[in-house]
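Enquirer: Got a file for you: entry-v6.pdb, PDB, C-alpha atoms.
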ATOM      1  CA  MET A   1       0.000   0.000   0.000
ATOM      2  CA  SER A   2       1.259   3.461  -0.891
ATOM      3  CA  TRP A   3       2.451   5.699   1.918
ATOM      4  CA  ARG A   4      -0.081   8.291   0.736
ATOM      5  CA  ALA A   5      -2.924   5.911   1.601
ATOM      6  CA  GLN A   6      -1.539   5.477   5.128
ATOM      7  CA  LEU A   7      -1.200   9.148   6.076
ATOM      8  CA  SER A   8      -4.231   9.102   8.378
ATOM      9  CA  SER A   9      -2.799   6.138  10.289
ATOM     10  CA  HIS A  10       0.291   8.082  11.318
ATOM     11  CA  ILE A  11      -0.589  11.787  11.131
ATOM     12  CA  ARG A  12      -3.498  13.353  12.990
ATOM     13  CA  GLU A  13      -3.626  16.603  10.988
ATOM     14  CA  LEU A  14      -1.829  18.243   8.053
ATOM     15  CA  ARG A  15      -1.894  22.015   7.757
ATOM     16  CA  PHE A  16      -0.498  23.876   4.743
ATOM     17  CA  VAL A  17      -0.048  27.657   4.869
ATOM     18  CA  PHE A  18       0.893  29.864   1.937
ATOM     19  CA  ASN A  19       0.523  33.295   0.383
ATOM     20  CA  PRO A  20      -1.376  32.910  -2.910
ATOM     21  CA  ASN A  21       0.159  36.120  -4.281
ATOM     22  CA  ASN A  22       3.793  35.270  -3.556
ATOM     23  CA  LYS A  23       5.924  33.341  -6.053
ATOM     24  CA  ASN A  24       7.754  31.536  -3.216
ATOM     25  CA  SER A  25       4.520  29.556  -2.717
ATOM     26  CA  LEU A  26       4.217  28.388  -6.334
ATOM     27  CA  GLY A  27       5.474  24.835  -5.718
ATOM     28  CA  LEU A  28       3.107  24.354  -2.786
ATOM     29  CA  ARG A  29       0.175  25.709  -4.789
ATOM     30  CA  ASN A  30       1.011  23.317  -7.648
ATOM     31  CA  PHE A  31       1.284  20.391  -5.237
ATOM     32  CA  ILE A  32      -2.103  21.183  -3.666
ATOM     33  CA  ASP A  33      -3.753  21.668  -7.072
ATOM     34  CA  ASN A  34      -2.447  18.343  -8.370
ATOM     35  CA  ASN A  35      -2.618  16.137  -5.255
ATOM     36  CA  TYR A  36      -5.278  17.342  -2.814
ATOM     37  CA  SER A  37      -8.126  15.297  -4.285
ATOM     38  CA  GLU A  38      -6.190  12.033  -4.343
ATOM     39  CA  ILE A  39      -4.793  12.406  -0.820
ATOM     40  CA  LYS A  40      -8.217  13.348   0.541
ATOM     41  CA  MET A  41      -9.845  10.421  -1.276
ATOM     42  CA  LEU A  42      -7.277   8.019   0.223
ATOM     43  CA  ASN A  43      -7.553   9.573   3.712
ATOM     44  CA  PRO A  44     -11.111  10.878   4.157
ATOM     45  CA  ALA A  45     -10.821  11.183   7.957
ATOM     46  CA  LEU A  46      -7.528  13.115   7.859
ATOM     47  CA  PRO A  47      -7.897  16.845   8.479
ATOM     48  CA  PHE A  48      -6.000  18.205   5.439
ATOM     49  CA  LEU A  49      -6.138  21.949   5.924
ATOM     50  CA  VAL A  50      -5.025  24.448   3.287
ATOM     51  CA  ARG A  51      -4.829  28.038   4.479
ATOM     52  CA  ALA A  52      -4.103  30.965   2.168
ATOM     53  CA  TYR A  53      -3.057  34.169   3.912
ATOM     54  CA  SER A  54      -1.975  37.450   2.357
ATOM     55  CA  GLY A  55       0.835  39.514   3.761
ATOM     56  CA  PRO A  56       4.568  39.859   3.466
ATOM     57  CA  ASP A  57       5.269  37.766   6.572
ATOM     58  CA  VAL A  58       3.429  34.639   5.354
ATOM     59  CA  LEU A  59       5.859  31.928   4.319
ATOM     60  CA  PRO A  60       4.747  28.610   2.855
ATOM     61  CA  SER A  61       4.950  25.744   5.323
ATOM     62  CA  VAL A  62       3.435  22.424   6.315
ATOM     63  CA  THR A  63       2.663  21.385   9.879
ATOM     64  CA  ALA A  64       2.012  17.770  10.803
ATOM     65  CA  GLU A  65       0.326  16.975  14.098
ATOM     66  CA  TYR A  66       0.870  13.541  15.556
ATOM     67  CA  ASP A  67      -0.619  11.976  18.690
ATOM     68  CA  GLN A  68       2.067  13.478  20.929
ATOM     69  CA  ASN A  69       4.163  15.893  18.825
ATOM     70  CA  VAL A  70       4.011  18.553  16.128
ATOM     71  CA  HIS A  71       6.542  19.029  13.320
ATOM     72  CA  LYS A  72       6.689  22.036  10.999
ATOM     73  CA  ARG A  73       8.660  22.374   7.770
ATOM     74  CA  SER A  74       9.308  25.433   5.623
ATOM     75  CA  LEU A  75       8.318  25.135   1.969
ATOM     76  CA  THR A  76       9.704  28.477   0.804
ATOM     77  CA  ASP A  77      10.630  28.252  -2.887
ATOM     78  CA  ALA A  78      10.031  24.485  -2.833
ATOM     79  CA  SER A  79       8.985  22.757  -6.042
ATOM     80  CA  ALA A  80       5.958  20.453  -6.062
ATOM     81  CA  GLU A  81       8.398  17.505  -5.973
ATOM     82  CA  GLN A  82      10.128  18.946  -2.900
ATOM     83  CA  VAL A  83       6.752  19.404  -1.207
ATOM     84  CA  GLU A  84       6.024  15.730  -1.918
ATOM     85  CA  ALA A  85       9.404  14.717  -0.462
ATOM     86  CA  THR A  86       8.738  16.825   2.651
ATOM     87  CA  LEU A  87       5.333  15.214   3.099
ATOM     88  CA  LYS A  88       6.938  11.767   2.793
ATOM     89  CA  GLU A  89       9.518  12.811   5.412
ATOM     90  CA  LEU A  90       6.714  13.860   7.782
ATOM     91  CA  PHE A  91       4.956  10.548   7.123
ATOM     92  CA  ASP A  92       8.154   8.648   7.983
ATOM     93  CA  ILE A  93       8.414  10.620  11.238
ATOM     94  CA  GLY A  94       4.801   9.688  12.004
ATOM     95  CA  VAL A  95       5.540   5.994  11.511
ATOM     96  CA  LYS A  96       8.148   6.241  14.296
ATOM     97  CA  GLU A  97       6.132   8.529  16.607
ATOM     98  CA  PRO A  98       4.603   7.035  19.767
ATOM     99  CA  LYS A  99       0.903   6.401  19.285
ATOM    100  CA  ASN A 100      -2.032   6.975  21.566
ATOM    101  CA  PRO A 101      -3.590   3.517  22.062
ATOM    102  CA  ALA A 102      -6.941   4.846  20.843
ATOM    103  CA  SER A 103      -5.445   5.843  17.486
ATOM    104  CA  ARG A 104      -3.761   2.550  16.585
ATOM    105  CA  ASP A 105      -6.582   1.535  14.261
ATOM    106  CA  GLY A 106      -6.487   4.876  12.443
ATOM    107  CA  ASP A 107      -9.824   6.083  13.832
ATOM    108  CA  VAL A 108      -9.158   9.760  14.497
ATOM    109  CA  SER A 109     -12.502  10.265  16.257
ATOM    110  CA  ARG A 110     -11.463   7.836  19.004
ATOM    111  CA  VAL A 111      -8.327   9.907  19.629
ATOM    112  CA  TYR A 112     -10.381  13.025  20.281
ATOM    113  CA  GLU A 113     -12.749  11.121  22.557
ATOM    114  CA  THR A 114      -9.712  10.131  24.616
ATOM    115  CA  PHE A 115      -8.724  13.758  25.233
ATOM    116  CA  ILE A 116     -12.068  15.575  25.206
ATOM    117  CA  PRO A 117     -14.883  14.359  27.439
ATOM    118  CA  PRO A 118     -18.329  14.280  25.882
ATOM    119  CA  ILE A 119     -20.306  17.517  26.208
ATOM    120  CA  GLN A 120     -22.902  15.941  28.479
ATOM    121  CA  ALA A 121     -20.209  14.862  30.964
ATOM    122  CA  ARG A 122     -18.860  18.422  31.074
ATOM    123  CA  LEU A 123     -22.334  19.853  31.729
ATOM    124  CA  ASP A 124     -23.106  17.544  34.645
TER     125      ASP A 124
END
In structure tokens, write the structure found in this file.
Expert:
Amino acid sequence: MSWRAQLSSHIRELRFVFNPNNKNSLGLRNFIDNNYSEIKMLNPALPFLVRAYSGPDVLPSVTAEYDQNVHKRSLTDASAEQVEATLKELFDIGVKEPKNPASRDGDVSRVYETFIPPIQARLD
């Protein structure tokens, strides 16, 4: 099975940030345009967030949240192929990351239930 199809088993959330008007985000924009649909189809439960912000201080990056850690990588002036390689690197980190027992089967909703009590329990 392709590593792309296993993203949701090892990464809890992917967040991409870029400036749509800045040429240093071109590779990331191309990667998202060409790969978002396939990755989302293979990992429907994975939060795959794409955030476009304007402003001179916005640099393209990807943040991967795992069960117990967060890793961020700069994608400034990266080509679409470099973005893919960075995503694969973050996947490989996720394979080695310690897992919450509730997330071992890839069910993200069970992970959140572990950390957030149901609303009714908080109201009582």
Enquirer: Considering only C-alpha atoms, return as a list in words whatever protein or nucleic-acid residues lie within 9 Å of Pro20 of chain A, sequence-local ones (same chain, fewer than 2 positions apart) excluded.
Expert: Phe18, Asn22, Lys23, Ser25, Leu26, Arg29, Ala52, Tyr53 and Ser54 of chain A
Enquirer: Export, as a short mmCIF file (atom, residue, chain, number, x, y, z; two decimals), keeping the file's coordinate frame, the selected residues with C-alpha atoms.
Expert:
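Output file part_23.cif follows:
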data_model
loop_
_atom_site.label_atom_id
_atom_site.label_comp_id
_atom_site.auth_asym_id
_atom_site.auth_seq_id
_atom_site.Cartn_x
_atom_site.Cartn_y
_atom_site.Cartn_z
CA PHE A 18 0.89 29.86 1.94
CA ASN A 22 3.79 35.27 -3.56
CA LYS A 23 5.92 33.34 -6.05
CA SER A 25 4.52 29.56 -2.72
CA LEU A 26 4.22 28.39 -6.33
CA ARG A 29 0.18 25.71 -4.79
CA ALA A 52 -4.10 30.96 2.17
CA TYR A 53 -3.06 34.17 3.91
CA SER A 54 -1.98 37.45 2.36
#
Enquirer: Point out the residue among A:Asn69, A:Lys88, A:Glu81, A:Pro101 with the least atom-to-atom distance to Phe31 of chain A, counting only C-alpha atoms.
Expert: A:Glu81
Enquirer: Rounded to one decimal place, report the atom CA of Leu42 of chain A-atom CA of Leu7 of chain A distance in Å.
Expert: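 Computing the Euclidean distance for atom CA of Leu42 of chain A and atom CA of Leu7 of chain A yields 8.5 Å.
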Enquirer: With the PyMOL selection byres ((chain A and resi 89-96) around 9) as the selection, what would be picked from this file? Answer as a short mmCIF file (atom, residue, chain, number, x, y, z; two decimals) with C-alpha atoms, keeping the file's coordinate frame, please.
Expert:
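As written to disk, expr-v9.cif reads:
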data_model
loop_
_atom_site.label_atom_id
_atom_site.label_comp_id
_atom_site.auth_asym_id
_atom_site.auth_seq_id
_atom_site.Cartn_x
_atom_site.Cartn_y
_atom_site.Cartn_z
CA TRP A 3 2.45 5.70 1.92
CA ARG A 4 -0.08 8.29 0.74
CA GLN A 6 -1.54 5.48 5.13
CA LEU A 7 -1.20 9.15 6.08
CA SER A 9 -2.80 6.14 10.29
CA HIS A 10 0.29 8.08 11.32
CA ILE A 11 -0.59 11.79 11.13
CA THR A 63 2.66 21.38 9.88
CA ALA A 64 2.01 17.77 10.80
CA GLU A 65 0.33 16.98 14.10
CA TYR A 66 0.87 13.54 15.56
CA ASP A 67 -0.62 11.98 18.69
CA HIS A 71 6.54 19.03 13.32
CA LYS A 72 6.69 22.04 11.00
CA ARG A 73 8.66 22.37 7.77
CA GLU A 84 6.02 15.73 -1.92
CA ALA A 85 9.40 14.72 -0.46
CA THR A 86 8.74 16.82 2.65
CA LEU A 87 5.33 15.21 3.10
CA LYS A 88 6.94 11.77 2.79
CA GLU A 97 6.13 8.53 16.61
CA PRO A 98 4.60 7.04 19.77
CA LYS A 99 0.90 6.40 19.28
#
Enquirer: Can you pull out every residue within 7 Å of Ala78 of chain A, counting only C-alpha atoms, but drop anything in the same chain fewer than 5 positions away, and send it as JSON, numbers by chain?
Expert: {"A": [27, 28, 83]}
Enquirer: Record the distance separating atom CA of Leu14 of chain A and atom CA of Gly55 of chain A, expressed in Å with one decimal.
Expert: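 Between these atoms lies a distance of 21.9 Å.
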Enquirer: Given the choices A:Ser61, A:Ile39, A:Val70, A:Pro56, which gets closest to Gln82 of chain A if the distance is worked out from only C-alpha atoms?
Expert: A:Ser61
Enquirer: Quick one: residues within 12 Å of Glu38 of chain A, all atoms listed in the file, excluding same-chain residues fewer than 3 positions away - as a PyMOL selection string?
Expert: chain A and resi 2+4-5+7+31-35+41-44+48
Enquirer: Could you state the separation of atom CA of Asp77 of chain A and atom CA of Val50 of chain A in Å, given to one decimal place?
Expert: 17.3 Å
Enquirer: I'd like to know which of A:Asn19, A:Ser37, A:Gln68, A:Thr76 is closest to Asn100 of chain A, using all atoms listed in the file.
Expert: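 Ranking A:Asn19, A:Ser37, A:Gln68, A:Thr76 by distance to Asn100 of chain A, first place goes to A:Gln68.
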Enquirer: Segment 21-37 of chain A from the block above, N, CA, C and O atoms, as a PDB file, in the first residue's frame, please?
Expert:
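Now in part_15.pdb:
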ATOM      1  N   ASN A  21      -0.370  35.074  -3.409  1.00  0.00           N
ATOM      2  CA  ASN A  21       0.159  36.120  -4.281  1.00  0.00           C
ATOM      3  C   ASN A  21       1.682  36.142  -4.360  1.00  0.00           C
ATOM      4  O   ASN A  21       2.242  36.962  -5.074  1.00  0.00           O
ATOM      5  N   ASN A  22       2.342  35.253  -3.610  1.00  0.00           N
ATOM      6  CA  ASN A  22       3.793  35.270  -3.556  1.00  0.00           C
ATOM      7  C   ASN A  22       4.365  34.111  -4.362  1.00  0.00           C
ATOM      8  O   ASN A  22       3.930  32.973  -4.218  1.00  0.00           O
ATOM      9  N   LYS A  23       5.371  34.390  -5.194  1.00  0.00           N
ATOM     10  CA  LYS A  23       5.924  33.341  -6.053  1.00  0.00           C
ATOM     11  C   LYS A  23       6.683  32.285  -5.263  1.00  0.00           C
ATOM     12  O   LYS A  23       6.888  31.179  -5.764  1.00  0.00           O
ATOM     13  N   ASN A  24       7.067  32.568  -4.000  1.00  0.00           N
ATOM     14  CA  ASN A  24       7.754  31.536  -3.216  1.00  0.00           C
ATOM     15  C   ASN A  24       6.805  30.430  -2.750  1.00  0.00           C
ATOM     16  O   ASN A  24       7.230  29.451  -2.164  1.00  0.00           O
ATOM     17  N   SER A  25       5.516  30.577  -3.040  1.00  0.00           N
ATOM     18  CA  SER A  25       4.520  29.556  -2.717  1.00  0.00           C
ATOM     19  C   SER A  25       4.084  28.753  -3.935  1.00  0.00           C
ATOM     20  O   SER A  25       3.208  27.894  -3.831  1.00  0.00           O
ATOM     21  N   LEU A  26       4.666  29.009  -5.090  1.00  0.00           N
ATOM     22  CA  LEU A  26       4.217  28.388  -6.334  1.00  0.00           C
ATOM     23  C   LEU A  26       4.264  26.858  -6.286  1.00  0.00           C
ATOM     24  O   LEU A  26       3.317  26.183  -6.681  1.00  0.00           O
ATOM     25  N   GLY A  27       5.356  26.292  -5.788  1.00  0.00           N
ATOM     26  CA  GLY A  27       5.474  24.835  -5.718  1.00  0.00           C
ATOM     27  C   GLY A  27       4.416  24.219  -4.823  1.00  0.00           C
ATOM     28  O   GLY A  27       3.832  23.178  -5.153  1.00  0.00           O
ATOM     29  N   LEU A  28       4.142  24.854  -3.696  1.00  0.00           N
ATOM     30  CA  LEU A  28       3.107  24.354  -2.786  1.00  0.00           C
ATOM     31  C   LEU A  28       1.735  24.449  -3.440  1.00  0.00           C
ATOM     32  O   LEU A  28       0.944  23.504  -3.379  1.00  0.00           O
ATOM     33  N   ARG A  29       1.465  25.568  -4.098  1.00  0.00           N
ATOM     34  CA  ARG A  29       0.175  25.709  -4.789  1.00  0.00           C
ATOM     35  C   ARG A  29       0.013  24.624  -5.856  1.00  0.00           C
ATOM     36  O   ARG A  29      -1.049  24.018  -5.978  1.00  0.00           O
ATOM     37  N   ASN A  30       1.071  24.363  -6.624  1.00  0.00           N
ATOM     38  CA  ASN A  30       1.011  23.317  -7.648  1.00  0.00           C
ATOM     39  C   ASN A  30       0.787  21.945  -7.029  1.00  0.00           C
ATOM     40  O   ASN A  30       0.003  21.140  -7.535  1.00  0.00           O
ATOM     41  N   PHE A  31       1.466  21.675  -5.916  1.00  0.00           N
ATOM     42  CA  PHE A  31       1.284  20.391  -5.237  1.00  0.00           C
ATOM     43  C   PHE A  31      -0.160  20.224  -4.783  1.00  0.00           C
ATOM     44  O   PHE A  31      -0.765  19.171  -5.001  1.00  0.00           O
ATOM     45  N   ILE A  32      -0.715  21.247  -4.152  1.00  0.00           N
ATOM     46  CA  ILE A  32      -2.103  21.183  -3.666  1.00  0.00           C
ATOM     47  C   ILE A  32      -3.058  20.995  -4.844  1.00  0.00           C
ATOM     48  O   ILE A  32      -3.950  20.145  -4.805  1.00  0.00           O
ATOM     49  N   ASP A  33      -2.877  21.771  -5.901  1.00  0.00           N
ATOM     50  CA  ASP A  33      -3.753  21.668  -7.072  1.00  0.00           C
ATOM     51  C   ASP A  33      -3.741  20.266  -7.671  1.00  0.00           C
ATOM     52  O   ASP A  33      -4.777  19.757  -8.098  1.00  0.00           O
ATOM     53  N   ASN A  34      -2.587  19.637  -7.695  1.00  0.00           N
ATOM     54  CA  ASN A  34      -2.447  18.343  -8.370  1.00  0.00           C
ATOM     55  C   ASN A  34      -2.647  17.128  -7.477  1.00  0.00           C
ATOM     56  O   ASN A  34      -2.819  16.026  -7.987  1.00  0.00           O
ATOM     57  N   ASN A  35      -2.609  17.299  -6.139  1.00  0.00           N
ATOM     58  CA  ASN A  35      -2.618  16.137  -5.255  1.00  0.00           C
ATOM     59  C   ASN A  35      -3.687  16.129  -4.169  1.00  0.00           C
ATOM     60  O   ASN A  35      -3.919  15.098  -3.558  1.00  0.00           O
ATOM     61  N   TYR A  36      -4.313  17.267  -3.922  1.00  0.00           N
ATOM     62  CA  TYR A  36      -5.278  17.342  -2.814  1.00  0.00           C
ATOM     63  C   TYR A  36      -6.385  16.287  -2.949  1.00  0.00           C
ATOM     64  O   TYR A  36      -6.661  15.550  -2.000  1.00  0.00           O
ATOM     65  N   SER A  37      -6.985  16.204  -4.104  1.00  0.00           N
ATOM     66  CA  SER A  37      -8.126  15.297  -4.285  1.00  0.00           C
ATOM     67  C   SER A  37      -7.748  13.847  -4.017  1.00  0.00           C
ATOM     68  O   SER A  37      -8.478  13.118  -3.341  1.00  0.00           O
TER      69      SER A  37
END
